[in-house]
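Just below is one structure, and these are the notes that go with it.
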Amino acid sequence: MNFEFSEEQLFIRDQARNFLSQESSAEVVRSVLDTDLPFHRGLWQQIVELGWTAMAIPESFGGLGLGYLELCVIAEELGRSLAPVPFSSSVYLATEAIKSWGSAEQQQHYLPRLASGELIGTLASSEGPGALEINAVIRGEGLRGSKLPVPDGDVADFALVVARSEDGIPGLYLVDLAVDGVSRSVLTTMDPSRSQARLDFDGAPAQRLGEHAIDGLAALDQLFDRAAVLFAFEQIGGAQAALDMGMAYTRERYAFGRAVASFQAIKHKFADMFVALELARANAYYGAWALSSDAPDLPLAAATARVSATDAFYQVSRENIQVHGGMGFTWEFDCHLYYRRAQLLSTAIGTQPYWKEVLATRLLAAA
Amino acid sequence: MDFNDTAELAEFRHRVADFLDANAQRRTDNQLRGMEGEQAFLEGKEWYARKAEAGLACLTWPKEYGGAGLTPLHEVIWAQEAENYLTRDAQFVIGIGNCGPAIMHFATEETKRELLPRMASAEDVWCQLFSEPCAGSDVAGLRTRAERRGDEWLVNGQKIWTSGAQYSDYGVVLTRTDPTVSKYRGLTLFMIDMRQQGVEVRPIKQMDGGQHFAEVFFNDAVIPDSYRLGDVGGGWTGALTVLMSERLAISGVQPTGFPQFLDLVKSLELNGRPIAEDPLVRERLATWYSRYAGLQAANKRMITAVAKGGIAGAEASLGKLVGAVMNQEIANFACQLFGQAGIIQDQELSPEQAHFQKTVLFSPGVRLAGGTDEVMRNILAEQVLGLPQEPRADKGMAFQDIPTGPG
């Protein structure tokens with residue numbers, strides 16, 4: 001049995017870590033958080049040049065032909081560095097959807113351009129508060145309806161929109177976002193280091209994904225399962241960074257004549273954070289294995305990875321503020337960057353109640 | 001990442017499966033094996049003897065000491081296969097898992113060849129004698145004295161919370177041999193023959209009514225110097241070996257309560273409706289499964305590290321902490337589900353033969369035994385995360401000068 005990434009994968013991870021510690025520093029994250037910039041174009045350009053957007057795309061479509069495990073180690077580092085780029089939207093969601101269900105023609109058109117960074121894609125599923133409901137609909141050639149929030153919807157070149165066909169069947173539709181019939185507005189969110197938009201479609205041209213009609217809801221489930229594993233790696237990366245930050249600070253800060261980190265009340269908090277993170281990491285690893293080997297228990301493994309990663313990042317980012325005391329509540333300290341990102345990642349592709357229900361359903365259906 | 005067995009391990013898995021098929025009953029849902037009492041003890045002796053006969057006892061121990069001379073990976077395969085059967089594997093985990101490694105580390109070759117094979121086959125049963133009424137989490141503060149008389153040591157004092165002392169032939173005992181130096185430096189570790197006049201065992205009646213543990217009184221109990229494990233004054237090093245082994249040993253059989261809860265959720269109907277449809281039950285099921293699955297996967301990571309030549313470290317404390325807490329939470333939740341009838345603890349009337357009611361009453365002990373939740377958190381924080389140690393009021397003091405409470 002070998003339940004660890006390979007030497008090559010760990011090498012990719014270390015390279016990514018070194019690169020991002022330089023190029024996705026807190027200053028870079030704040031340059032997006034504190035301004036109207038939707039994402040950091042310089043960082044995105046470098047990421048594209050490093051081949052990360054091409055990583056899991058087959059060589060025949062201009063990709064590197066690597067697997068999901070390589071993508072998992074990159075995701076962990078993007079999470080750790082809070083990278084302010086549209087990677088998850090373009091890679092975990094748009095690229096994966098086209099890879100899985102796109103027609104030959106669609107794959108030929110989109111995949112090389114996604115690999116080269118010429119195009120940024122995203123997925124538009126949510127239509128507002130509550131469980132996922134699909135009211136967006138195709139009438140004639142055009143798409144009508146609204147989607148919000150759409151991650152990177154203000155900057156993406158195209159979106160895969162979950163909408164109903166004229167006879168009411170949910171499917172995925174490719175929509176160019178820079179055309180008449182699409183209006184976009186930037187949303188104010190809890191994490192402005194990543195942009196979100198509202199998209200309104202008023203007869204926008206839409207092309208069905210795939211040569212034949214697919215079961216849109218089943219496809220969405222599969223897409224979310226894969227993304228859940230990748231998001232879980234972003235979440236554990238972020239949680240590890242927040243844990244490290246809290247420990248470093250309380251080791252150096254003294255109160256009552258001793259390091260704050262030496263008080264049991266604080267140490268036990270860290271122990272609990274570590275426990276949550278280690279469980280999440282172990283589940284994410286299992287999810288990575290299931291994803292990379294397309295194992296039958298991927299659906300259960302993905303939901304499990306997602307649930308525990310969401311718990312861990314919330315707990316660690318929240319308690320990191322607490323152990324910092326008052327300074328943790330300032331804009332100046334970076335604690336809130338992790339806390340905001342934890343909120344963002346926990347709502348992307350469905351919140352905790354949704355994923356817990358998914359987990360329970362799958363667990364009870366299994367053997 | 002790859003979970004496939006090598007050819008050699010696949011063959012071993014077959015061998016284990018054949019043995020289990022021939023010697024143990026397959027576990028079906030809802031079947032639990034009780035852990036207590038004389039009958040469990042006798043069944044345990046028989047089970048270990050059969051394993052030893054088949055060359056499947058103490059898989060990682062060298063053959064000359066009664067083991068199978070195999071690797072931790074073989075042990076994992078055993079555990080994976082045995083999970084589906086009702087076995088007595090947990091019965092002597094303290095002696096074999098804790099005392100065994102210390103003896104292997106410190107005893108003379110002759111002693112090892114004499115005692116270890118009998119331990120492996122459970123011909124001899126062992127217990128671990130560390131905790132005392134005034135030395136629990138601070139076990140180095142223990143007071144049981146050992147005084148040298150020629151080639152022998154005379155032992156006086158009291159131990160407590162000794163698992164299975166009433167059934168044990170031997171024990172590993174930590175004693176104070178010098179109260180004039182610091183508490184860690186005045187300790188010495190011994191093996192002791194429990195079947196002698198100077199040793200009196202009194203089972204403790206636990207809050208759940210069971211008698212898993214005992215108090216042990218030493219009145220001029222005799223230990224030959226050849227039974228000393230390590231140097232005089234070097235007992236703390238030996239004790240740490242034992243305690244680390246204990247957490248590893250326990251982490252393999254640590255109850256989490258989850259499999260029983262899953263069985264319950266799948267099978268129970270209340271008010272004419274499966275509880276599996278209750279949103280609150282489903283939420284709890286998902287939460288606990290994510291922890292349970294995390295422990296399973298974390299265990300796989302630990303095994304990978306061990307297979308690559310690393311050592312399983314203090315991370316084992318994580319399994320102990322998570323499992324023990326979850327076990328109690330699950331039992332309490334299940335009883336609450338049963339409504340007013342949740343209070344009934346009756347094999348006939350309560351779901352799952354009253355497993356959850358029994359666990360409500362037994363689970364507090366699991367959070368204390370083998371290191372409390374709080375000790376586990378200290379270990380994780382200090383030894384794994386490397387955070388500063390707790391300041392100690394007794395630092396640098398001779399043991400005899402350390403203040404004690406009125407008790």
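Ligands are numbered from 1 in the order shown, chains are lettered A, B, ... in the order of the structure tokens, and residues start at 1 in each chain.
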
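For segment 81-91 of chain B, the residues within 6 Å (counting only C-alpha atoms, excluding itself and residues fewer than 2 positions away along the chain) are B:Gln25, B:Arg26, B:Arg27, B:Gly44, B:Trp78, B:Ala79, B:Val93.
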
If we count only C-alpha atoms and set the cut-off at 9 Å, which residues sit around Ala163 of chain A, ignoring sequence neighbours fewer than 5 positions away in its own chain? Please answer as a list in words.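 So, after excluding close chain neighbours, the residues are Ser125, Ile134, Asn135, Ala136, Val137, Ile138, Leu143, Arg144, Gly145, Gly168, Ile169, Pro170, Gly171, Leu172, Tyr173 and Gly216 of chain A.
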
Go ahead and dump the residues you just picked, N, CA and C atoms, as a PDB file, in the first residue's frame.
```
ATOM      1  N   SER A 125     -24.213  28.227 -11.969  1.00  0.00           N
ATOM      2  CA  SER A 125     -25.267  27.299 -11.544  1.00  0.00           C
ATOM      3  C   SER A 125     -26.284  27.972 -10.624  1.00  0.00           C
ATOM      4  N   ILE A 134     -33.290  25.604 -10.903  1.00  0.00           N
ATOM      5  CA  ILE A 134     -32.937  26.012 -12.263  1.00  0.00           C
ATOM      6  C   ILE A 134     -34.148  26.611 -12.960  1.00  0.00           C
ATOM      7  N   ASN A 135     -34.106  27.918 -13.088  1.00  0.00           N
ATOM      8  CA  ASN A 135     -35.166  28.610 -13.826  1.00  0.00           C
ATOM      9  C   ASN A 135     -34.669  29.143 -15.161  1.00  0.00           C
ATOM     10  N   ALA A 136     -33.332  29.242 -15.293  1.00  0.00           N
ATOM     11  CA  ALA A 136     -32.776  29.701 -16.572  1.00  0.00           C
ATOM     12  C   ALA A 136     -33.238  28.726 -17.645  1.00  0.00           C
ATOM     13  N   VAL A 137     -33.577  29.273 -18.821  1.00  0.00           N
ATOM     14  CA  VAL A 137     -34.201  28.411 -19.827  1.00  0.00           C
ATOM     15  C   VAL A 137     -33.781  28.862 -21.230  1.00  0.00           C
ATOM     16  N   ILE A 138     -33.706  27.886 -22.119  1.00  0.00           N
ATOM     17  CA  ILE A 138     -33.399  28.188 -23.513  1.00  0.00           C
ATOM     18  C   ILE A 138     -34.719  28.402 -24.261  1.00  0.00           C
ATOM     19  N   LEU A 143     -30.688  32.172 -24.440  1.00  0.00           N
ATOM     20  CA  LEU A 143     -30.795  31.841 -23.023  1.00  0.00           C
ATOM     21  C   LEU A 143     -31.424  32.996 -22.265  1.00  0.00           C
ATOM     22  N   ARG A 144     -32.383  32.653 -21.405  1.00  0.00           N
ATOM     23  CA  ARG A 144     -33.003  33.678 -20.570  1.00  0.00           C
ATOM     24  C   ARG A 144     -32.917  33.266 -19.091  1.00  0.00           C
ATOM     25  N   GLY A 145     -32.615  34.246 -18.276  1.00  0.00           N
ATOM     26  CA  GLY A 145     -32.554  33.960 -16.847  1.00  0.00           C
ATOM     27  C   GLY A 145     -31.393  34.691 -16.190  1.00  0.00           C
ATOM     28  N   GLY A 168     -37.861  21.683 -20.812  1.00  0.00           N
ATOM     29  CA  GLY A 168     -37.720  21.646 -19.348  1.00  0.00           C
ATOM     30  C   GLY A 168     -36.629  20.750 -18.814  1.00  0.00           C
ATOM     31  N   ILE A 169     -35.822  20.148 -19.689  1.00  0.00           N
ATOM     32  CA  ILE A 169     -34.778  19.225 -19.226  1.00  0.00           C
ATOM     33  C   ILE A 169     -33.512  20.015 -18.893  1.00  0.00           C
ATOM     34  N   PRO A 170     -32.956  19.825 -17.685  1.00  0.00           N
ATOM     35  CA  PRO A 170     -31.749  20.570 -17.350  1.00  0.00           C
ATOM     36  C   PRO A 170     -30.544  20.078 -18.146  1.00  0.00           C
ATOM     37  N   GLY A 171     -29.732  21.016 -18.591  1.00  0.00           N
ATOM     38  CA  GLY A 171     -28.511  20.680 -19.323  1.00  0.00           C
ATOM     39  C   GLY A 171     -27.456  21.745 -19.070  1.00  0.00           C
ATOM     40  N   LEU A 172     -26.315  21.560 -19.693  1.00  0.00           N
ATOM     41  CA  LEU A 172     -25.229  22.541 -19.586  1.00  0.00           C
ATOM     42  C   LEU A 172     -25.086  23.237 -20.939  1.00  0.00           C
ATOM     43  N   TYR A 173     -24.973  24.567 -20.900  1.00  0.00           N
ATOM     44  CA  TYR A 173     -24.903  25.331 -22.147  1.00  0.00           C
ATOM     45  C   TYR A 173     -23.679  26.238 -22.129  1.00  0.00           C
ATOM     46  N   GLY A 216     -28.266  16.852 -17.348  1.00  0.00           N
ATOM     47  CA  GLY A 216     -27.552  18.000 -16.792  1.00  0.00           C
ATOM     48  C   GLY A 216     -27.327  17.899 -15.295  1.00  0.00           C
TER      49      GLY A 216
END
```

Do me a favour and pick out the residues of chain B within 6 Å of chain A, using only C-alpha atoms, as a PyMOL selection string. chain B and resi 1-4+282+286+290+294+297-298+301+304+377+380-381+388-390

Residues of segment 49-212 of chain B in helix (DSSP H, G or I), written as number ranges by chain: B: 49-53, 63-65, 72-82, 93-106, 109-120, 139-141, 165-167

Writer output for current selection, C-alpha atoms, as a PDB file, in the first residue's frame:
```
ATOM      1  CA  ALA B  49      -3.236 -19.941  21.495  1.00  0.00           C
ATOM      2  CA  ARG B  50      -4.801 -20.824  18.156  1.00  0.00           C
ATOM      3  CA  LYS B  51      -3.213 -17.830  16.481  1.00  0.00           C
ATOM      4  CA  ALA B  52       0.185 -18.788  17.906  1.00  0.00           C
ATOM      5  CA  GLU B  53      -0.231 -22.342  16.717  1.00  0.00           C
ATOM      6  CA  LYS B  63      10.130 -15.630  15.483  1.00  0.00           C
ATOM      7  CA  GLU B  64      12.480 -16.533  18.348  1.00  0.00           C
ATOM      8  CA  TYR B  65      10.238 -14.526  20.680  1.00  0.00           C
ATOM      9  CA  PRO B  72       3.581  -3.669  10.024  1.00  0.00           C
ATOM     10  CA  LEU B  73       1.921  -4.048   6.643  1.00  0.00           C
ATOM     11  CA  HIS B  74       1.086  -7.642   7.482  1.00  0.00           C
ATOM     12  CA  GLU B  75      -0.457  -6.400  10.690  1.00  0.00           C
ATOM     13  CA  VAL B  76      -2.603  -3.986   8.710  1.00  0.00           C
ATOM     14  CA  ILE B  77      -3.812  -6.775   6.472  1.00  0.00           C
ATOM     15  CA  TRP B  78      -4.686  -8.822   9.522  1.00  0.00           C
ATOM     16  CA  ALA B  79      -6.677  -5.932  10.944  1.00  0.00           C
ATOM     17  CA  GLN B  80      -8.518  -5.331   7.674  1.00  0.00           C
ATOM     18  CA  GLU B  81      -9.552  -8.965   7.386  1.00  0.00           C
ATOM     19  CA  ALA B  82     -10.312  -9.485  11.071  1.00  0.00           C
ATOM     20  CA  VAL B  93      -3.552  -5.769  23.829  1.00  0.00           C
ATOM     21  CA  ILE B  94      -2.136  -4.161  26.966  1.00  0.00           C
ATOM     22  CA  GLY B  95       0.352  -6.888  27.761  1.00  0.00           C
ATOM     23  CA  ILE B  96       1.348  -7.653  24.218  1.00  0.00           C
ATOM     24  CA  GLY B  97       1.153  -4.128  22.876  1.00  0.00           C
ATOM     25  CA  ASN B  98       2.671  -2.276  25.849  1.00  0.00           C
ATOM     26  CA  CYS B  99       4.763  -4.643  27.939  1.00  0.00           C
ATOM     27  CA  GLY B 100       6.085  -6.654  24.996  1.00  0.00           C
ATOM     28  CA  PRO B 101       8.037  -3.835  23.330  1.00  0.00           C
ATOM     29  CA  ALA B 102       9.565  -2.735  26.657  1.00  0.00           C
ATOM     30  CA  ILE B 103      10.737  -6.248  27.414  1.00  0.00           C
ATOM     31  CA  MET B 104      12.091  -6.613  23.911  1.00  0.00           C
ATOM     32  CA  HIS B 105      13.997  -3.396  24.367  1.00  0.00           C
ATOM     33  CA  PHE B 106      15.380  -3.835  27.864  1.00  0.00           C
ATOM     34  CA  GLU B 109      18.252 -12.368  25.669  1.00  0.00           C
ATOM     35  CA  GLU B 110      17.580 -15.269  28.009  1.00  0.00           C
ATOM     36  CA  THR B 111      14.602 -13.562  29.618  1.00  0.00           C
ATOM     37  CA  LYS B 112      13.162 -12.595  26.268  1.00  0.00           C
ATOM     38  CA  ARG B 113      13.327 -16.160  24.972  1.00  0.00           C
ATOM     39  CA  GLU B 114      11.776 -17.427  28.178  1.00  0.00           C
ATOM     40  CA  LEU B 115       8.913 -14.968  28.611  1.00  0.00           C
ATOM     41  CA  LEU B 116       7.940 -13.480  25.255  1.00  0.00           C
ATOM     42  CA  PRO B 117       6.740 -16.643  23.460  1.00  0.00           C
ATOM     43  CA  ARG B 118       4.458 -17.381  26.420  1.00  0.00           C
ATOM     44  CA  MET B 119       3.147 -13.838  26.236  1.00  0.00           C
ATOM     45  CA  ALA B 120       2.523 -14.132  22.490  1.00  0.00           C
ATOM     46  CA  VAL B 139       2.487   9.436  36.353  1.00  0.00           C
ATOM     47  CA  ALA B 140       6.129  10.296  37.078  1.00  0.00           C
ATOM     48  CA  GLY B 141       4.898  11.460  40.474  1.00  0.00           C
ATOM     49  CA  ALA B 165      -4.671  -7.353  36.829  1.00  0.00           C
ATOM     50  CA  GLN B 166      -6.967 -10.008  38.278  1.00  0.00           C
ATOM     51  CA  TYR B 167      -6.177 -12.276  35.322  1.00  0.00           C
TER      52      TYR B 167
END
```

Within segment 86-290 of chain A, find each residue whose DSSP state, derived from the backbone, is strand (DSSP E or B), and express the selection as number ranges by chain. A: 121-124, 127, 137-139, 142-151, 158-164, 170-176, 182-186, 196-205, 207-208, 254-255, 258-259

Write a file of the just-selected residues containing N, CA and C atoms, as a short mmCIF file (atom, residue, chain, number, x, y, z; two decimals), in the first residue's frame.
```
data_model
loop_
_atom_site.label_atom_id
_atom_site.label_comp_id
_atom_site.auth_asym_id
_atom_site.auth_seq_id
_atom_site.Cartn_x
_atom_site.Cartn_y
_atom_site.Cartn_z
N GLY A 121 -12.77 30.27 -18.38
CA GLY A 121 -14.15 29.80 -18.33
C GLY A 121 -14.65 29.73 -16.91
N THR A 122 -15.97 29.56 -16.76
CA THR A 122 -16.53 29.37 -15.42
C THR A 122 -17.82 28.56 -15.53
N LEU A 123 -18.40 28.31 -14.37
CA LEU A 123 -19.67 27.59 -14.33
C LEU A 123 -20.69 28.48 -13.64
N ALA A 124 -21.87 28.60 -14.25
CA ALA A 124 -22.95 29.41 -13.65
C ALA A 124 -24.08 28.47 -13.27
N GLU A 127 -28.79 30.47 -8.62
CA GLU A 127 -29.64 31.58 -9.06
C GLU A 127 -30.09 32.43 -7.87
N VAL A 137 -33.58 29.27 -18.82
CA VAL A 137 -34.20 28.41 -19.83
C VAL A 137 -33.78 28.86 -21.23
N ILE A 138 -33.71 27.89 -22.12
CA ILE A 138 -33.40 28.19 -23.51
C ILE A 138 -34.72 28.40 -24.26
N ARG A 139 -34.84 29.54 -24.91
CA ARG A 139 -36.02 29.80 -25.75
C ARG A 139 -35.50 30.10 -27.14
N GLY A 142 -31.81 31.32 -27.81
CA GLY A 142 -31.30 32.21 -26.77
C GLY A 142 -31.57 31.75 -25.34
N LEU A 143 -30.69 32.17 -24.44
CA LEU A 143 -30.79 31.84 -23.02
C LEU A 143 -31.42 33.00 -22.27
N ARG A 144 -32.38 32.65 -21.41
CA ARG A 144 -33.00 33.68 -20.57
C ARG A 144 -32.92 33.27 -19.09
N GLY A 145 -32.61 34.25 -18.28
CA GLY A 145 -32.55 33.96 -16.85
C GLY A 145 -31.39 34.69 -16.19
N SER A 146 -31.24 34.46 -14.90
CA SER A 146 -30.18 35.13 -14.14
C SER A 146 -29.42 34.11 -13.33
N LYS A 147 -28.13 34.37 -13.17
CA LYS A 147 -27.29 33.50 -12.34
C LYS A 147 -26.50 34.35 -11.36
N LEU A 148 -26.50 33.94 -10.09
CA LEU A 148 -25.68 34.62 -9.09
C LEU A 148 -25.54 33.75 -7.85
N PRO A 149 -24.38 33.74 -7.26
CA PRO A 149 -23.15 34.37 -7.76
C PRO A 149 -22.48 33.45 -8.77
N VAL A 150 -21.82 34.06 -9.73
CA VAL A 150 -21.03 33.29 -10.69
C VAL A 150 -19.56 33.63 -10.42
N PRO A 151 -18.77 32.63 -9.99
CA PRO A 151 -17.37 32.92 -9.67
C PRO A 151 -16.64 33.40 -10.93
N PHE A 158 -16.20 32.81 -21.17
CA PHE A 158 -17.42 32.05 -21.42
C PHE A 158 -17.84 31.35 -20.12
N ALA A 159 -19.07 30.93 -20.10
CA ALA A 159 -19.57 30.19 -18.93
C ALA A 159 -20.32 28.96 -19.40
N LEU A 160 -20.24 27.93 -18.57
CA LEU A 160 -21.16 26.81 -18.74
C LEU A 160 -22.33 27.12 -17.84
N VAL A 161 -23.48 27.28 -18.47
CA VAL A 161 -24.66 27.71 -17.72
C VAL A 161 -25.61 26.52 -17.57
N VAL A 162 -26.02 26.31 -16.33
CA VAL A 162 -27.00 25.25 -16.09
C VAL A 162 -28.38 25.83 -16.40
N ALA A 163 -29.02 25.28 -17.40
CA ALA A 163 -30.32 25.83 -17.81
C ALA A 163 -31.20 24.70 -18.35
N ARG A 164 -32.49 25.02 -18.45
CA ARG A 164 -33.42 24.02 -18.97
C ARG A 164 -33.61 24.21 -20.47
N PRO A 170 -32.96 19.82 -17.68
CA PRO A 170 -31.75 20.57 -17.35
C PRO A 170 -30.54 20.08 -18.15
N GLY A 171 -29.73 21.02 -18.59
CA GLY A 171 -28.51 20.68 -19.32
C GLY A 171 -27.46 21.74 -19.07
N LEU A 172 -26.31 21.56 -19.69
CA LEU A 172 -25.23 22.54 -19.59
C LEU A 172 -25.09 23.24 -20.94
N TYR A 173 -24.97 24.57 -20.90
CA TYR A 173 -24.90 25.33 -22.15
C TYR A 173 -23.68 26.24 -22.13
N LEU A 174 -22.99 26.24 -23.27
CA LEU A 174 -21.84 27.11 -23.44
C LEU A 174 -22.31 28.48 -23.87
N VAL A 175 -21.91 29.48 -23.13
CA VAL A 175 -22.36 30.83 -23.46
C VAL A 175 -21.16 31.77 -23.46
N ASP A 176 -20.97 32.43 -24.59
CA ASP A 176 -19.94 33.46 -24.68
C ASP A 176 -20.44 34.67 -23.88
N VAL A 182 -26.03 39.42 -22.82
CA VAL A 182 -25.45 39.08 -21.51
C VAL A 182 -25.10 40.38 -20.82
N SER A 183 -25.62 40.59 -19.64
CA SER A 183 -25.10 41.73 -18.87
C SER A 183 -24.54 41.20 -17.56
N ARG A 184 -23.42 41.80 -17.16
CA ARG A 184 -22.76 41.32 -15.95
C ARG A 184 -22.59 42.46 -14.96
N SER A 185 -22.75 42.13 -13.72
CA SER A 185 -22.46 43.14 -12.69
C SER A 185 -21.69 42.46 -11.56
N VAL A 186 -20.70 43.19 -11.07
CA VAL A 186 -19.85 42.65 -10.01
C VAL A 186 -20.62 42.63 -8.70
N GLN A 196 -16.86 37.80 -7.98
CA GLN A 196 -18.12 37.10 -8.23
C GLN A 196 -19.03 38.08 -8.98
N ALA A 197 -19.84 37.53 -9.85
CA ALA A 197 -20.71 38.42 -10.61
C ALA A 197 -22.13 37.89 -10.67
N ARG A 198 -23.02 38.81 -11.03
CA ARG A 198 -24.37 38.42 -11.40
C ARG A 198 -24.43 38.48 -12.92
N LEU A 199 -24.96 37.42 -13.52
CA LEU A 199 -25.11 37.40 -14.98
C LEU A 199 -26.60 37.39 -15.31
N ASP A 200 -26.99 38.31 -16.17
CA ASP A 200 -28.38 38.31 -16.66
C ASP A 200 -28.37 38.00 -18.14
N PHE A 201 -29.15 37.02 -18.51
CA PHE A 201 -29.19 36.59 -19.90
C PHE A 201 -30.54 36.97 -20.49
N ASP A 202 -30.45 37.67 -21.61
CA ASP A 202 -31.69 38.08 -22.27
C ASP A 202 -31.60 37.68 -23.74
N GLY A 203 -31.79 36.39 -23.97
CA GLY A 203 -31.71 35.88 -25.33
C GLY A 203 -30.28 35.71 -25.82
N ALA A 204 -29.33 35.46 -24.89
CA ALA A 204 -27.94 35.27 -25.29
C ALA A 204 -27.77 33.96 -26.06
N PRO A 205 -26.93 33.97 -27.11
CA PRO A 205 -26.69 32.73 -27.85
C PRO A 205 -26.11 31.66 -26.92
N GLN A 207 -25.02 27.37 -26.65
CA GLN A 207 -24.77 26.14 -27.39
C GLN A 207 -24.77 24.99 -26.39
N ARG A 208 -25.57 23.97 -26.66
CA ARG A 208 -25.62 22.85 -25.74
C ARG A 208 -24.26 22.16 -25.65
N TYR A 254 4.26 37.41 24.22
CA TYR A 254 4.31 37.05 25.63
C TYR A 254 3.20 37.73 26.41
N ALA A 255 2.66 37.02 27.39
CA ALA A 255 1.71 37.59 28.34
C ALA A 255 1.93 36.89 29.68
N ARG A 258 5.13 34.78 29.92
CA ARG A 258 5.42 33.57 29.15
C ARG A 258 4.77 33.62 27.77
N ALA A 259 5.29 32.80 26.87
CA ALA A 259 4.75 32.77 25.51
C ALA A 259 3.27 32.40 25.57
#
```

Skipping near chain neighbours, those fewer than 5 positions away, what residues fall within 10 Å of Ser25 of chain A using only C-alpha atoms, listed as JSON, numbers by chain? {"A": [19, 20, 30, 31, 81, 82, 83]}
